[in-house]
file work.tsv (TSV, C-alpha atoms and all ligand atoms)
chain	number	residue	atom	x	y	z
A	1	MET	CA	79.69	66.67	-89.51
A	2	LYS	CA	77.41	64.02	-90.96
A	3	CYS	CA	75.74	61.40	-88.80
A	4	HIS	CA	77.51	58.49	-90.52
A	5	GLU	CA	80.88	60.00	-89.60
A	6	THR	CA	80.26	59.89	-85.85
A	7	GLU	CA	80.39	56.17	-85.12
A	8	SER	CA	84.13	55.72	-85.56
A	9	ILE	CA	84.74	58.73	-83.29
A	10	MET	CA	82.56	57.25	-80.57
A	11	HIS	CA	84.56	54.03	-80.65
A	12	ALA	CA	87.86	55.85	-80.79
A	13	TYR	CA	86.70	57.62	-77.63
A	14	LEU	CA	86.03	54.26	-75.95
A	15	ASP	CA	89.45	53.02	-77.01
A	16	ASP	CA	90.94	56.19	-75.53
A	17	ASP	CA	92.43	57.01	-78.90
A	18	ILE	CA	90.75	60.19	-80.22
A	19	ASP	CA	93.98	61.76	-81.53
A	20	GLY	CA	93.50	62.55	-85.19
A	21	TYR	CA	89.71	62.54	-84.94
A	22	PRO	CA	87.65	65.75	-85.00
A	23	TYR	CA	86.40	65.13	-81.48
A	24	GLN	CA	85.34	68.76	-80.78
A	25	GLU	CA	83.29	68.81	-83.93
A	26	PHE	CA	81.68	65.56	-82.83
A	27	LEU	CA	80.77	67.08	-79.44
A	28	GLU	CA	79.14	69.98	-81.25
A	29	HIS	CA	77.21	67.56	-83.45
A	30	ILE	CA	75.69	65.58	-80.59
A	31	LYS	CA	74.53	68.80	-78.92
A	32	THR	CA	71.95	69.10	-81.64
A	33	CYS	CA	71.60	65.56	-83.02
A	34	HIS	CA	69.44	63.45	-80.76
A	35	LYS	CA	70.05	60.22	-82.66
A	36	CYS	CA	73.84	60.38	-82.38
A	37	LYS	CA	73.68	61.54	-78.79
A	38	LYS	CA	71.53	58.52	-77.90
A	39	HIS	CA	73.86	56.20	-79.80
A	40	PHE	CA	76.82	57.56	-77.85
A	41	GLU	CA	75.04	57.23	-74.49
A	42	GLU	CA	74.08	53.62	-75.26
A	43	LEU	CA	77.63	52.82	-76.23
A	44	LYS	CA	78.97	54.23	-72.98
A	45	ILE	CA	76.49	52.10	-71.04
A	46	THR	CA	77.51	49.05	-73.08
A	47	GLU	CA	81.16	49.74	-72.34
A	48	ARG	CA	80.44	50.08	-68.62
A	49	LEU	CA	78.47	46.80	-68.53
A	50	LEU	CA	81.17	44.95	-70.43
A	51	LYS	CA	83.81	46.19	-68.04
A	52	GLN	CA	81.77	45.10	-65.03
A	53	LEU	CA	81.22	41.54	-66.16
A	54	PRO	CA	82.12	39.60	-63.00
A	55	MET	CA	84.80	36.92	-62.79
A	56	VAL	CA	83.44	33.43	-62.24
A	57	SER	CA	85.27	31.13	-59.87
A	58	THR	CA	87.48	28.33	-61.15
A	59	PRO	CA	86.51	24.87	-59.85
A	60	PRO	CA	88.34	24.29	-56.53
A	61	ASP	CA	89.89	20.97	-57.61
A	62	PHE	CA	91.24	22.45	-60.86
A	63	VAL	CA	94.95	22.35	-60.01
A	64	GLN	CA	94.77	18.91	-58.43
A	65	LYS	CA	93.01	17.47	-61.48
A	66	LEU	CA	95.59	19.04	-63.74
A	67	MET	CA	98.62	17.80	-61.81
A	68	GLN	CA	97.27	14.25	-61.97
A	69	GLN	CA	96.95	14.43	-65.74
A	70	LEU	CA	100.46	15.66	-66.48
A	71	PRO	CA	102.31	13.34	-68.84
A	72	GLN	CA	105.93	12.32	-68.39
A	73	LYS	CA	108.34	14.92	-69.68
A	74	GLU	CA	109.45	14.49	-73.26
A	75	SER	CA	113.11	14.75	-72.27
A	76	LYS	CA	112.78	11.30	-70.75
A	77	THR	CA	112.00	9.82	-74.13
A	78	ARG	CA	115.11	11.47	-75.49
A	79	ILE	CA	117.14	9.82	-72.76
A	80	LYS	CA	115.48	6.53	-73.63
A	81	ARG	CA	116.63	6.81	-77.23
A	82	TRP	CA	120.15	7.42	-76.05
A	83	LEU	CA	119.96	4.51	-73.71
A	84	VAL	CA	118.85	2.18	-76.44
A	85	LYS	CA	121.75	3.26	-78.65
A	86	TYR	CA	124.55	3.30	-76.12
A	87	PRO	CA	123.27	1.50	-73.05
A	88	VAL	CA	126.50	0.77	-71.24
A	89	VAL	CA	128.22	4.08	-71.84
A	90	VAL	CA	125.15	6.06	-70.88
A	91	ALA	CA	124.39	4.00	-67.82
A	92	ALA	CA	127.97	4.20	-66.62
A	93	SER	CA	128.19	7.95	-67.10
A	94	ILE	CA	124.80	8.60	-65.54
A	95	PHE	CA	125.80	6.43	-62.65
A	96	LEU	CA	129.08	8.28	-62.11
A	97	LEU	CA	127.44	11.65	-62.53
A	98	LEU	CA	124.56	11.01	-60.16
A	99	PHE	CA	126.82	9.30	-57.68
A	100	SER	CA	129.28	12.15	-57.54
A	101	ILE	CA	126.51	14.76	-57.45
A	102	SER	CA	124.77	13.09	-54.57
A	103	LEU	CA	128.03	12.58	-52.70
A	104	VAL	CA	129.05	16.19	-53.21
A	105	THR	CA	125.59	17.40	-52.20
A	106	TYR	CA	125.74	15.22	-49.18
A	107	MET	CA	129.17	16.49	-48.17
A	108	GLU	CA	128.36	20.11	-48.85
A	109	GLN	CA	124.90	20.28	-47.48
A	110	ASP	CA	124.25	22.19	-44.33
A	111	ASN	CA	121.55	21.04	-42.03
A	112	GLU	CA	118.97	23.17	-43.67
A	113	LEU	CA	115.46	21.77	-43.91
A	114	LYS	CA	114.56	20.83	-47.46
A	115	ILE	CA	111.13	19.89	-48.76
A	116	VAL	CA	110.44	18.50	-52.19
A	117	THR	CA	106.79	18.24	-53.22
A	118	THR	CA	104.39	19.63	-55.79
A	119	ASP	CA	101.88	20.40	-53.06
A	120	GLN	CA	103.86	22.62	-50.69
A	121	ALA	CA	100.98	24.97	-49.96
A	122	LYS	CA	99.25	22.28	-47.91
A	123	LEU	CA	102.20	21.65	-45.57
A	124	ILE	CA	102.81	23.36	-42.25
A	125	VAL	CA	106.45	23.92	-41.23
A	126	LYS	CA	107.34	24.45	-37.58
A	127	GLY	CA	111.07	24.69	-36.89
A	128	ASN	CA	112.44	21.49	-38.40
A	129	GLU	CA	109.13	19.70	-38.25
A	130	VAL	CA	106.96	19.36	-41.34
A	131	ILE	CA	103.31	18.59	-40.76
A	132	VAL	CA	100.73	17.24	-43.16
A	133	PRO	CA	97.68	18.70	-41.42
A	134	GLU	CA	94.59	16.70	-40.65
A	135	GLY	CA	92.15	16.61	-43.55
A	136	LYS	CA	94.84	17.60	-46.11
A	137	LYS	CA	95.89	15.30	-48.91
A	138	ILE	CA	99.31	15.67	-50.53
A	139	ILE	CA	99.31	14.46	-54.12
A	140	GLY	CA	102.65	13.13	-55.37
A	141	ASP	CA	105.93	12.15	-53.74
A	142	LEU	CA	107.18	13.93	-50.66
A	143	ILE	CA	110.85	14.18	-49.71
A	144	ILE	CA	111.98	15.80	-46.46
A	145	GLU	CA	115.63	16.36	-45.68
A	146	ASN	CA	116.96	17.32	-42.25
A	147	GLY	CA	113.62	17.36	-40.51
A	148	ASN	CA	110.88	15.26	-39.00
A	149	LEU	CA	107.66	14.55	-40.80
A	150	LYS	CA	104.39	14.25	-38.95
A	151	ILE	CA	101.49	12.92	-41.00
A	152	ASN	CA	98.08	13.77	-39.63
A	153	GLY	CA	96.46	13.91	-43.05
A	154	GLU	CA	97.23	11.76	-46.07
A	155	VAL	CA	99.96	11.40	-48.68
A	156	LYS	CA	99.15	9.91	-52.09
A	157	GLY	CA	102.69	9.02	-53.10
A	158	ASN	CA	106.03	7.87	-51.76
A	159	VAL	CA	107.46	9.44	-48.64
A	160	THR	CA	111.19	9.73	-48.03
A	161	VAL	CA	112.71	11.32	-44.95
A	162	ILE	CA	116.46	11.88	-44.89
A	163	ASN	CA	118.02	12.66	-41.51
A	164	GLY	CA	114.74	12.68	-39.64
A	165	ASP	CA	111.82	10.67	-38.34
A	166	ILE	CA	108.41	9.89	-39.75
A	167	LEU	CA	105.52	10.09	-37.30
A	168	MET	CA	102.08	8.87	-38.27
A	169	ALA	CA	99.09	7.26	-36.59
A	170	ASN	CA	98.77	4.43	-39.08
A	171	ALA	CA	100.37	3.19	-42.26
A	172	SER	CA	97.28	3.74	-44.38
A	173	GLN	CA	97.94	7.48	-44.33
A	174	VAL	CA	100.59	7.00	-46.98
A	175	ASP	CA	99.50	5.59	-50.28
A	176	GLY	CA	103.01	4.59	-51.35
A	177	HIS	CA	106.33	3.53	-49.85
A	178	THR	CA	107.87	5.22	-46.86
A	179	LYS	CA	111.63	5.40	-46.44
A	180	GLN	CA	113.77	6.82	-43.70
A	181	ILE	CA	117.45	7.41	-44.31
A	182	ASP	CA	119.85	8.35	-41.56
A	183	ARG	CA	123.47	7.90	-42.35
A	184	LEU	CA	125.87	8.54	-45.18
A	185	TYR	CA	126.16	4.98	-46.43
A	186	GLU	CA	122.41	4.59	-46.38
A	187	TRP	CA	122.09	7.78	-48.36
A	188	ILE	CA	124.48	6.43	-50.94
A	189	TRP	CA	122.67	3.10	-51.00
A	190	TYR	CA	119.40	4.93	-51.46
A	191	ASN	CA	120.74	6.77	-54.48
A	192	LEU	CA	122.16	3.57	-55.93
A	193	LYS	CA	118.84	1.78	-55.55
A	194	ASN	CA	117.08	4.71	-57.13
A	195	LEU	CA	119.40	4.51	-60.05
A	196	TRP	CA	118.81	0.78	-60.51
A	197	THR	CA	115.07	1.16	-60.45
A	198	LYS	CA	115.27	3.85	-63.12
A	199	ILE	CA	117.69	2.12	-65.50
A	200	PRO	CA	117.20	-1.68	-65.39
A	201	PRO	CA	115.24	-2.35	-68.63
A	202	TYR	CA	118.07	-0.92	-70.71
A	203	PHE	CA	120.98	-1.80	-68.52
A	204	ILE	CA	119.99	-5.39	-68.02
A	205	GLY	CA	119.05	-5.62	-71.65
A	206	GLY	CA	115.26	-5.36	-71.53
B	207	MET	CA	107.91	41.97	-69.44
B	208	ASN	CA	107.05	40.09	-66.32
B	209	PHE	CA	110.15	39.00	-64.43
B	210	VAL	CA	108.32	36.72	-62.05
B	211	ASP	CA	106.97	34.81	-65.02
B	212	ASN	CA	110.36	34.45	-66.65
B	213	LYS	CA	112.01	33.14	-63.52
B	214	LEU	CA	109.21	30.62	-63.04
B	215	ILE	CA	109.30	29.59	-66.67
B	216	ARG	CA	113.01	28.94	-66.60
B	217	LYS	CA	112.50	26.72	-63.57
B	218	ALA	CA	109.51	24.99	-65.16
B	219	LYS	CA	111.53	24.38	-68.32
B	220	ALA	CA	114.13	22.68	-66.17
B	221	GLY	CA	111.42	20.35	-64.90
B	222	ASP	CA	110.62	22.08	-61.61
B	223	MET	CA	107.06	20.97	-60.83
B	224	GLN	CA	106.68	23.52	-58.06
B	225	ALA	CA	107.40	26.30	-60.55
B	226	PHE	CA	104.93	24.90	-63.03
B	227	ALA	CA	102.28	24.65	-60.31
B	228	GLU	CA	102.99	28.29	-59.46
B	229	LEU	CA	102.36	29.31	-63.07
B	230	VAL	CA	99.09	27.40	-63.01
B	231	TYR	CA	98.01	29.23	-59.86
B	232	GLN	CA	98.84	32.57	-61.47
B	233	TYR	CA	96.90	31.95	-64.67
B	234	LYS	CA	94.12	29.49	-63.89
B	235	ASP	CA	91.42	32.07	-63.14
B	236	LYS	CA	92.30	34.17	-66.17
B	237	ILE	CA	92.23	31.18	-68.49
B	238	PHE	CA	89.10	29.71	-66.96
B	239	ASN	CA	87.21	32.99	-67.29
B	240	LEU	CA	88.36	33.46	-70.87
B	241	ALA	CA	87.15	29.97	-71.78
B	242	TYR	CA	83.93	30.45	-69.86
B	243	ARG	CA	82.99	33.63	-71.73
B	244	MET	CA	84.03	32.08	-75.04
B	245	LEU	CA	82.11	28.83	-74.51
B	246	GLY	CA	79.27	29.77	-72.20
B	247	ASN	CA	79.40	26.86	-69.79
B	248	THR	CA	81.66	25.78	-66.98
B	249	GLN	CA	82.13	22.16	-68.10
B	250	GLU	CA	83.62	23.01	-71.47
B	251	ALA	CA	85.48	25.93	-69.92
B	252	GLU	CA	87.15	23.54	-67.50
B	253	ASP	CA	88.06	21.06	-70.24
B	254	VAL	CA	89.59	23.76	-72.41
B	255	SER	CA	91.48	25.31	-69.48
B	256	GLN	CA	92.90	21.94	-68.44
B	257	GLU	CA	93.96	21.30	-72.04
B	258	THR	CA	95.58	24.75	-72.19
B	259	PHE	CA	97.82	24.01	-69.21
B	260	LEU	CA	98.64	20.53	-70.50
B	261	ARG	CA	99.80	22.16	-73.75
B	262	VAL	CA	101.83	24.70	-71.81
B	263	TYR	CA	103.43	21.87	-69.88
B	264	SER	CA	104.35	19.74	-72.86
B	265	ASN	CA	105.42	22.64	-75.09
B	266	ILE	CA	107.24	24.79	-72.57
B	267	ASP	CA	110.57	24.00	-74.25
B	268	ARG	CA	109.27	25.69	-77.37
B	269	TYR	CA	108.16	28.87	-75.59
B	270	ASP	CA	110.27	31.80	-76.75
B	271	GLU	CA	111.06	34.25	-73.97
B	272	LYS	CA	111.19	37.13	-76.45
B	273	TYR	CA	107.39	37.20	-76.19
B	274	LYS	CA	105.31	37.70	-73.09
B	275	PHE	CA	104.26	34.48	-71.44
B	276	SER	CA	100.68	35.80	-71.18
B	277	THR	CA	100.56	36.32	-74.96
B	278	TRP	CA	101.63	32.73	-75.48
B	279	ILE	CA	99.20	31.15	-73.05
B	280	TYR	CA	96.30	33.31	-74.28
B	281	LYS	CA	97.12	32.24	-77.81
B	282	ILE	CA	96.84	28.60	-76.80
B	283	ALA	CA	93.63	29.15	-74.83
B	284	THR	CA	91.86	31.17	-77.53
B	285	ASN	CA	92.80	28.67	-80.24
B	286	LEU	CA	91.53	25.76	-78.16
B	287	SER	CA	88.30	27.62	-77.39
B	288	ILE	CA	87.70	28.38	-81.06
B	289	ASP	CA	88.45	24.76	-81.99
B	290	ARG	CA	85.90	23.64	-79.44
B	291	ILE	CA	83.24	25.99	-80.82
B	292	ARG	CA	83.87	24.83	-84.37
B	293	LYS	CA	83.75	21.14	-83.48
B	294	ARG	CA	80.53	21.64	-81.60
B	295	ARG	CA	78.99	23.46	-84.52
B	296	THR	CA	79.26	20.56	-86.96
B	297	THR	CA	75.80	19.58	-85.75
B	298	TYR	CA	74.41	23.08	-86.32
B	299	SER	CA	74.23	24.89	-89.57
B	300	LEU	CA	75.85	28.29	-89.55
B	301	ASP	CA	72.53	30.08	-90.06
B	302	ASP	CA	70.85	28.31	-87.18
B	303	TYR	CA	73.71	29.28	-85.01
B	304	TRP	CA	73.66	32.93	-85.90
B	305	ASN	CA	69.91	33.54	-86.18
B	306	GLU	CA	68.75	31.69	-83.13
B	307	GLU	CA	68.72	34.22	-80.37
B	308	GLU	CA	67.44	32.07	-77.58
B	309	GLY	CA	67.47	28.36	-77.04
B	310	LEU	CA	71.13	27.73	-77.66
B	311	ASP	CA	71.36	24.68	-75.49
B	312	TRP	CA	74.86	25.32	-74.20
B	313	TYR	CA	73.83	28.37	-72.25
B	314	THR	CA	74.12	27.96	-68.57
B	315	ARG	CA	73.03	30.31	-65.89
B	316	LEU	CA	75.72	32.29	-64.18
B	317	PRO	CA	76.70	31.18	-60.72
B	318	ASN	CA	75.31	34.01	-58.63
B	319	GLN	CA	77.56	33.38	-55.68
B	320	SER	CA	80.52	34.69	-57.66
B	321	ILE	CA	79.60	38.27	-56.85
B	322	GLY	CA	78.96	39.68	-53.44
B	323	PRO	CA	76.00	42.02	-52.95
B	324	GLU	CA	78.19	45.07	-52.46
B	325	GLU	CA	79.98	44.49	-55.77
B	326	SER	CA	76.88	44.03	-57.87
B	327	ILE	CA	76.66	47.45	-59.44
B	328	ILE	CA	75.43	45.55	-62.45
B	329	SER	CA	72.29	43.47	-62.02
B	330	ASN	CA	72.14	39.74	-62.66
B	331	GLU	CA	69.78	40.39	-65.52
B	332	GLU	CA	72.24	42.76	-67.15
B	333	ILE	CA	75.09	40.31	-66.62
B	334	ASN	CA	73.10	37.58	-68.26
B	335	GLN	CA	72.23	39.79	-71.21
B	336	VAL	CA	75.80	40.82	-71.85
B	337	HIS	CA	76.97	37.23	-71.37
B	338	LYS	CA	74.47	35.96	-73.94
B	339	ALA	CA	75.16	38.76	-76.35
B	340	ILE	CA	78.88	37.90	-76.31
B	341	LEU	CA	78.06	34.25	-76.96
B	342	ASN	CA	75.93	35.24	-79.93
B	343	LEU	CA	78.87	36.89	-81.64
B	344	PRO	CA	80.74	34.92	-84.30
B	345	GLU	CA	83.92	33.69	-82.67
B	346	LYS	CA	86.30	36.04	-84.46
B	347	TYR	CA	84.53	38.93	-82.70
B	348	ARG	CA	83.96	36.98	-79.50
B	349	VAL	CA	87.67	36.36	-79.07
B	350	ILE	CA	88.49	40.04	-79.34
B	351	MET	CA	85.67	41.11	-77.00
B	352	THR	CA	86.64	38.50	-74.40
B	353	LEU	CA	90.31	39.42	-74.44
B	354	ARG	CA	89.42	43.08	-74.15
B	355	TYR	CA	86.70	42.98	-71.49
B	356	VAL	CA	87.19	39.76	-69.54
B	357	GLU	CA	90.98	39.79	-69.58
B	358	ASP	CA	91.35	43.58	-69.70
B	359	LEU	CA	94.15	43.45	-72.26
B	360	SER	CA	95.45	46.30	-74.38
B	361	ILE	CA	94.60	46.42	-78.08
B	362	LYS	CA	98.28	45.93	-78.82
B	363	GLU	CA	98.52	42.72	-76.81
B	364	ILE	CA	95.28	41.45	-78.34
B	365	SER	CA	96.68	42.04	-81.81
B	366	GLU	CA	99.74	39.95	-80.88
B	367	ILE	CA	97.61	37.14	-79.48
B	368	VAL	CA	95.35	36.85	-82.50
B	369	ASN	CA	98.08	37.74	-85.02
B	370	LEU	CA	96.14	40.55	-86.65
B	371	PRO	CA	96.95	44.22	-87.26
B	372	ILE	CA	95.80	46.72	-84.63
B	373	SER	CA	93.40	48.29	-87.14
B	374	THR	CA	91.61	44.95	-87.61
B	375	VAL	CA	91.34	44.47	-83.85
B	376	LYS	CA	89.80	47.94	-83.58
B	377	THR	CA	87.29	47.22	-86.33
B	378	ARG	CA	86.22	43.99	-84.65
B	379	LEU	CA	85.92	45.73	-81.29
B	380	LEU	CA	83.70	48.34	-82.95
B	381	ARG	CA	81.42	45.73	-84.51
B	382	GLY	CA	81.31	43.64	-81.36
B	383	ARG	CA	80.38	46.64	-79.22
B	384	GLU	CA	77.78	47.81	-81.71
B	385	TYR	CA	76.19	44.37	-81.73
B	386	ILE	CA	76.04	44.21	-77.95
B	387	ARG	CA	74.76	47.77	-77.72
B	388	LYS	CA	71.88	46.87	-80.02
B	389	GLU	CA	71.10	43.69	-78.11
B	390	ILE	CA	70.98	45.59	-74.84
B	391	SER	CA	68.99	48.58	-76.04
B	392	ASN	CA	66.50	46.33	-77.84
B	393	LYS	CA	65.65	44.77	-74.52
B	394	TYR	CA	64.87	48.09	-72.89
B	395	THR	CA	63.44	50.21	-75.66
B	396	THR	CA	61.19	49.51	-78.57
B	397	VAL	CA	62.43	52.34	-80.78
B	398	ASP	CA	63.34	51.86	-84.39
B	399	ARG	CA	64.58	48.36	-84.75
B	400	SER	CA	65.51	48.80	-88.35
B	401	GLY	CA	66.34	45.17	-88.94
B	402	LYS	CA	68.99	42.82	-87.80
B	403	TYR	CA	72.45	44.14	-87.31
B	404	GLU	CA	74.70	42.87	-90.02
B	405	MET	CA	78.09	41.44	-89.23
B	406	SER	CA	80.63	41.11	-91.98
A	501	ZN	ZN	73.86	62.74	-85.94

call {"tool": "encode", "arguments": {"input": "work.tsv", "output": "structure tokens"}}
result
Amino acid sequence: MKCHETESIMHAYLDDDIDGYPYQEFLEHIKTCHKCKKHFEELKITERLLKQLPMVSTPPDFVQKLMQQLPQKESKTRIKRWLVKYPVVVAASIFLLLFSISLVTYMEQDNELKIVTTDQAKLIVKGNEVIVPEGKKIIGDLIIENGNLKINGEVKGNVTVINGDILMANASQVDGHTKQIDRLYEWIWYNLKNLWTKIPPYFIGG
Amino acid sequence: MNFVDNKLIRKAKAGDMQAFAELVYQYKDKIFNLAYRMLGNTQEAEDVSQETFLRVYSNIDRYDEKYKFSTWIYKIATNLSIDRIRKRRTTYSLDDYWNEEEGLDWYTRLPNQSIGPEESIISNEEINQVHKAILNLPEKYRVIMTLRYVEDLSIKEISEIVNLPISTVKTRLLRGREYIRKEISNKYTTVDRSGKYEMS
């Protein structure tokens, strides 16, 4: 074997892919060839160093920063186009659809605790009580169904509690609206209001 | 194929923010480290990683589940990293960039706290050398080396990410390793430095 033939075998060895290469012949060659033996040793050290390159840590506020930057979903613009074309039909059907869905969900729901948030990891759940711990900040809206919410930390968003109570030391802990909904008709009213606040520019001809 | 990924992706496609956040948690360190080794500093690495996830978020409808999610996200991250390198280079000439061994002003020191004493089988000096040597590679080699050694991916997956045949990936790995080998051994030994290693 000639010296210039050894390099590809060395790399094939590192890639764990020596099938088809004259590996035994190569081993014989480096027994007597100092230059190729040294080359091979250096490559193995290089490989080891490369594999031991440590992971660096991602900035701790990475996810929070990202979630704040997220744009509105594109599907909403598609709905907008529809709304502009057929405002009344779309509004009426959305209304009926949402209304029946929420009514059915309301009728069918058990009393299971439900939490809707993008920041669930920060919440503590004890029985049917959900706690925003002291020093924690929830980014985004928080909806609790069938449970009480105790805010010791902060919420940057709207808080809605359905079938439960909100407990907090002072109003400044929530950086948005708080709503508490207890009975069926209020639940329906809540969904209606939600619908109005989402549709008005098109429905009322804006 | 990763089932956890697919379940999450289906939820994220349907607009489930919790599922999207979960995907971010699963991939943020991988993407950040990839960008960090490609770009050499944490600020640009963070920008590129944020941009990667924003692209994932706004293009998730176009993600085809026939392919691995990791292949898709790595494709986005490597393309954005390369774009960033190329934009940055408009102020440098190509020769300056390649010949200058030291004094590339975007080098930053590695945060030492990222490795505990018991894990540091490799010294800080060695880490720094390998880190710099990778950054000195032209980006078509740097991408391959980073995917292989930082992300620990198979040659097959790398070839899918960069859209090149396996044989080309192997050739680039060979040249990348040879370059780094020479950089490292030049630092320790003074034997026959027969001229600069040529990349082609
Ligand atoms: Zn030889």

call {"tool": "residues_near_ligand", "arguments": {"input": "work.tsv", "ligand": "ligand ZN 501 (chain A)", "cutoff": "10 Å", "atoms": "all atoms listed in the file", "output": "PyMOL selection string"}}
result
chain A and resi 1-7+26+29-39

call {"tool": "write_last_selection", "arguments": {"input": "work.tsv", "atoms": "C-alpha atoms", "output": "PDB file, keeping the file's coordinate frame"}}
result
ATOM      1  CA  MET A   1      79.690  66.670 -89.510  1.00  0.00           C
ATOM      2  CA  LYS A   2      77.410  64.020 -90.960  1.00  0.00           C
ATOM      3  CA  CYS A   3      75.740  61.400 -88.800  1.00  0.00           C
ATOM      4  CA  HIS A   4      77.510  58.490 -90.520  1.00  0.00           C
ATOM      5  CA  GLU A   5      80.880  60.000 -89.600  1.00  0.00           C
ATOM      6  CA  THR A   6      80.260  59.890 -85.850  1.00  0.00           C
ATOM      7  CA  GLU A   7      80.390  56.170 -85.120  1.00  0.00           C
ATOM      8  CA  PHE A  26      81.680  65.560 -82.830  1.00  0.00           C
ATOM      9  CA  HIS A  29      77.210  67.560 -83.450  1.00  0.00           C
ATOM     10  CA  ILE A  30      75.690  65.580 -80.590  1.00  0.00           C
ATOM     11  CA  LYS A  31      74.530  68.800 -78.920  1.00  0.00           C
ATOM     12  CA  THR A  32      71.950  69.100 -81.640  1.00  0.00           C
ATOM     13  CA  CYS A  33      71.600  65.560 -83.020  1.00  0.00           C
ATOM     14  CA  HIS A  34      69.440  63.450 -80.760  1.00  0.00           C
ATOM     15  CA  LYS A  35      70.050  60.220 -82.660  1.00  0.00           C
ATOM     16  CA  CYS A  36      73.840  60.380 -82.380  1.00  0.00           C
ATOM     17  CA  LYS A  37      73.680  61.540 -78.790  1.00  0.00           C
ATOM     18  CA  LYS A  38      71.530  58.520 -77.900  1.00  0.00           C
ATOM     19  CA  HIS A  39      73.860  56.200 -79.800  1.00  0.00           C
TER      20      HIS A  39
END

call {"tool": "closest_residue", "arguments": {"input": "work.tsv", "among": "B:Glu345, B:Glu357, B:Asp289, B:Asp211", "to": "chain A", "atoms": "all atoms listed in the file"}}
result
B:Glu357

call {"tool": "residues_around", "arguments": {"input": "work.tsv", "residues": "Val254 in chain B", "least_positions_apart": "6", "cutoff": "12 Å", "atoms": "all atoms listed in the file", "output": "VMD selection string"}}
result
(chain A and resid 62 66) or (chain B and resid 234 237 to 248 260 to 261 280 282 to 291)

call {"tool": "interface_residues", "arguments": {"input": "work.tsv", "of": "chain A", "to": "chain B", "cutoff": "9 Å", "atoms": "all atoms listed in the file", "output": "ChimeraX atom specification"}}
result
/A:7-8,11-12,15,39,42-43,45-47,49-59,62-63,65-67,69-74,116-120

call {"tool": "atom_distance", "arguments": {"input": "work.tsv", "atom1": "CA of Gly153 in chain A", "atom2": "CA of Ile131 in chain A"}}
result
8.6 Å

call {"tool": "atom_distance", "arguments": {"input": "work.tsv", "atom1": "CA of Arg294 in chain B", "atom2": "CA of Asn342 in chain B"}}
result
14.5 Å

call {"tool": "axis_aligned_box", "arguments": {"input": "work.tsv", "around": "range 338-349 of chain B", "padding_each_side": "5 Å", "output": "lines of an AutoDock Vina configuration file"}}
result
center_x = 81.1
center_y = 36.3
center_z = -79.2
size_x = 23.2
size_y = 15.2
size_z = 20.5

call {"tool": "atom_distance", "arguments": {"input": "work.tsv", "atom1": "CA of Trp278 in chain B", "atom2": "CA of Arg292 in chain B"}}
result
21.4 Å

call {"tool": "residues_around", "arguments": {"input": "work.tsv", "residues": "Ile138 in chain A", "least_positions_apart": "2", "cutoff": "12 Å", "atoms": "all atoms listed in the file", "output": "JSON, numbers by chain"}}
result
{"A": [64, 67, 68, 116, 117, 118, 119, 120, 121, 122, 123, 124, 131, 132, 133, 134, 135, 136, 140, 141, 142, 143, 151, 152, 153, 154, 155, 156, 157, 158, 159, 173, 174, 175, 176]}

call {"tool": "residues_around", "arguments": {"input": "work.tsv", "residues": "Ile162 in chain A", "least_positions_apart": "3", "cutoff": "7 Å", "atoms": "only C-alpha atoms", "output": "list of chain:residue names"}}
result
A:Ile144, A:Glu145, A:Asn146, A:Gln180, A:Ile181, A:Asp182

call {"tool": "residues_around", "arguments": {"input": "work.tsv", "residues": "Thr277 in chain B", "least_positions_apart": "5", "cutoff": "9 Å", "atoms": "all atoms listed in the file", "output": "PyMOL selection string"}}
result
chain B and resi 282+363-364+366-367
